[in-house]
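File shown here: my_file_25.cif, holding mmCIF, C-alpha atoms.
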data_entry
#
loop_
_atom_site.label_atom_id
_atom_site.label_comp_id
_atom_site.auth_asym_id
_atom_site.auth_seq_id
_atom_site.Cartn_x
_atom_site.Cartn_y
_atom_site.Cartn_z
CA MET R 221 -17.77 3.91 -1.86
CA ALA R 222 -16.25 1.42 -4.26
CA ILE R 223 -12.78 0.14 -3.44
CA GLN R 224 -10.10 2.18 -5.17
CA VAL R 225 -6.46 1.13 -5.54
CA GLN R 226 -4.03 3.86 -6.57
CA VAL R 227 -0.43 3.14 -7.52
CA ARG R 228 1.47 6.11 -6.09
CA ASP R 229 4.48 7.39 -8.03
CA ASP R 230 7.63 6.13 -6.31
CA GLY R 231 5.51 4.95 -3.38
CA PRO R 232 2.95 2.48 -2.06
CA TYR R 233 -0.35 1.11 -3.26
CA LEU R 234 -3.01 3.30 -1.61
CA ILE R 235 -6.31 1.52 -1.03
CA ARG R 236 -9.50 3.39 -0.15
CA GLY R 237 -13.04 2.20 0.29
CA THR R 238 -15.51 0.86 2.75
CA ASP R 239 -15.09 -2.58 4.25
CA VAL R 240 -11.52 -3.07 2.99
CA GLU R 241 -9.79 -6.00 4.66
CA VAL R 242 -6.10 -6.75 4.37
CA MET R 243 -5.42 -10.44 4.94
CA ASP R 244 -2.27 -12.49 5.34
CA ALA R 245 -1.50 -15.63 3.31
CA ASP R 246 -3.52 -17.74 5.77
CA GLY R 247 -6.62 -15.53 5.49
CA ASN R 248 -6.17 -13.79 8.84
CA ALA R 249 -7.17 -10.12 8.94
CA LEU R 250 -4.32 -7.66 9.50
CA PRO R 251 -5.54 -4.71 11.57
CA TYR R 252 -4.96 -1.11 10.51
CA GLU R 253 -6.49 2.22 11.42
CA GLY R 254 -7.98 4.90 9.20
CA SER R 255 -10.07 5.12 6.07
CA ALA R 256 -7.22 4.18 3.73
CA VAL R 257 -4.34 1.72 3.82
CA ALA R 258 -0.96 2.01 2.12
CA LEU R 259 0.70 -1.25 1.09
CA CYS R 260 4.46 -1.44 0.54
CA ARG R 261 5.70 -2.18 -2.94
CA CYS R 262 9.39 -1.34 -2.50
CA GLY R 263 10.14 -4.26 -0.15
CA HIS R 264 11.99 -2.13 2.42
CA SER R 265 9.21 -1.52 4.98
CA ASP R 266 9.78 -2.79 8.51
CA ASN R 267 5.99 -3.05 8.85
CA LYS R 268 5.16 -5.24 5.82
CA PRO R 269 2.74 -5.45 4.15
CA PHE R 270 2.09 -1.86 5.21
CA CYS R 271 4.13 1.10 3.99
CA ASP R 272 6.25 2.88 6.60
CA GLY R 273 7.77 5.50 4.28
CA THR R 274 11.08 3.64 3.87
CA HIS R 275 10.75 3.88 0.08
CA ARG R 276 11.96 7.49 0.25
CA PRO R 277 15.39 6.92 1.85
CA ALA R 278 15.73 3.65 -0.10
CA GLY R 279 15.40 5.59 -3.37
CA PHE R 280 12.54 3.44 -4.70
CA GLU R 281 11.40 4.58 -8.14
CA SER R 282 8.42 3.37 -10.13
CA SER R 283 5.84 5.41 -11.98
CA PRO R 284 3.70 3.00 -14.02
CA ARG R 285 1.01 4.40 -16.29
CA ALA R 286 -2.02 2.76 -17.87
CA GLU R 287 -1.73 2.20 -21.61
#

Written form, structure tokens:
Amino acid sequence: MAIQVQVRDDGPYLIRGTDVEVMDADGNALPYEGSAVALCRCGHSDNKPFCDGTHRPAGFESSPRAE
């Protein structure tokens, strides 16, 4: 499966695909479980770069659309 990045309305970036690696600024792999990973884009997560659902109580809003 090709890597797919979906920008969720008012939520995280959802990344799906085989062999997806999330790496820190130094190139070290950040472990996660599951077949998809959600990356924070609101800045409020206590588990950055991963989403922890904090965007909901924080009232984060963003619904970009392709032109």

Near R:Asp244, within 12 Å and counting all atoms listed in the file, which residues show up once chain neighbours fewer than 6 positions away are dropped, as a ChimeraX atom specification? /R:250-251,268-270

Residues returned when the PyMOL selection byres ((chain R and resi 234) around 6) runs on this file, as a PyMOL selection string: chain R and resi 225-226+233+235+257-258

May I ask for the distance between atom CA of R:Met243 and atom CA of R:Thr274, given in Å to one decimal place? 21.7 Å

So which one's closest to R:Ile223, R:Arg285, R:Pro277, R:Asn248, R:Ser255? Using all atoms listed in the file, please. R:Ser255

d(atom CA of R:Cys271, atom CA of R:Leu259) in Å: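 Separation of atom CA of R:Cys271 and atom CA of R:Leu259: 5.1 Å.
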
Which of these, R:Ala222, R:Ala286, R:Asp266, R:Arg261, has the shortest distance to R:Thr238 once you count only C-alpha atoms?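 Closest candidate: R:Ala222.
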
Quote the spacing between atom CA of R:Asn267 and atom CA of R:Arg236 in Å to one decimal place.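 So the two atoms, atom CA of R:Asn267 and atom CA of R:Arg236, lie 19.0 Å apart.
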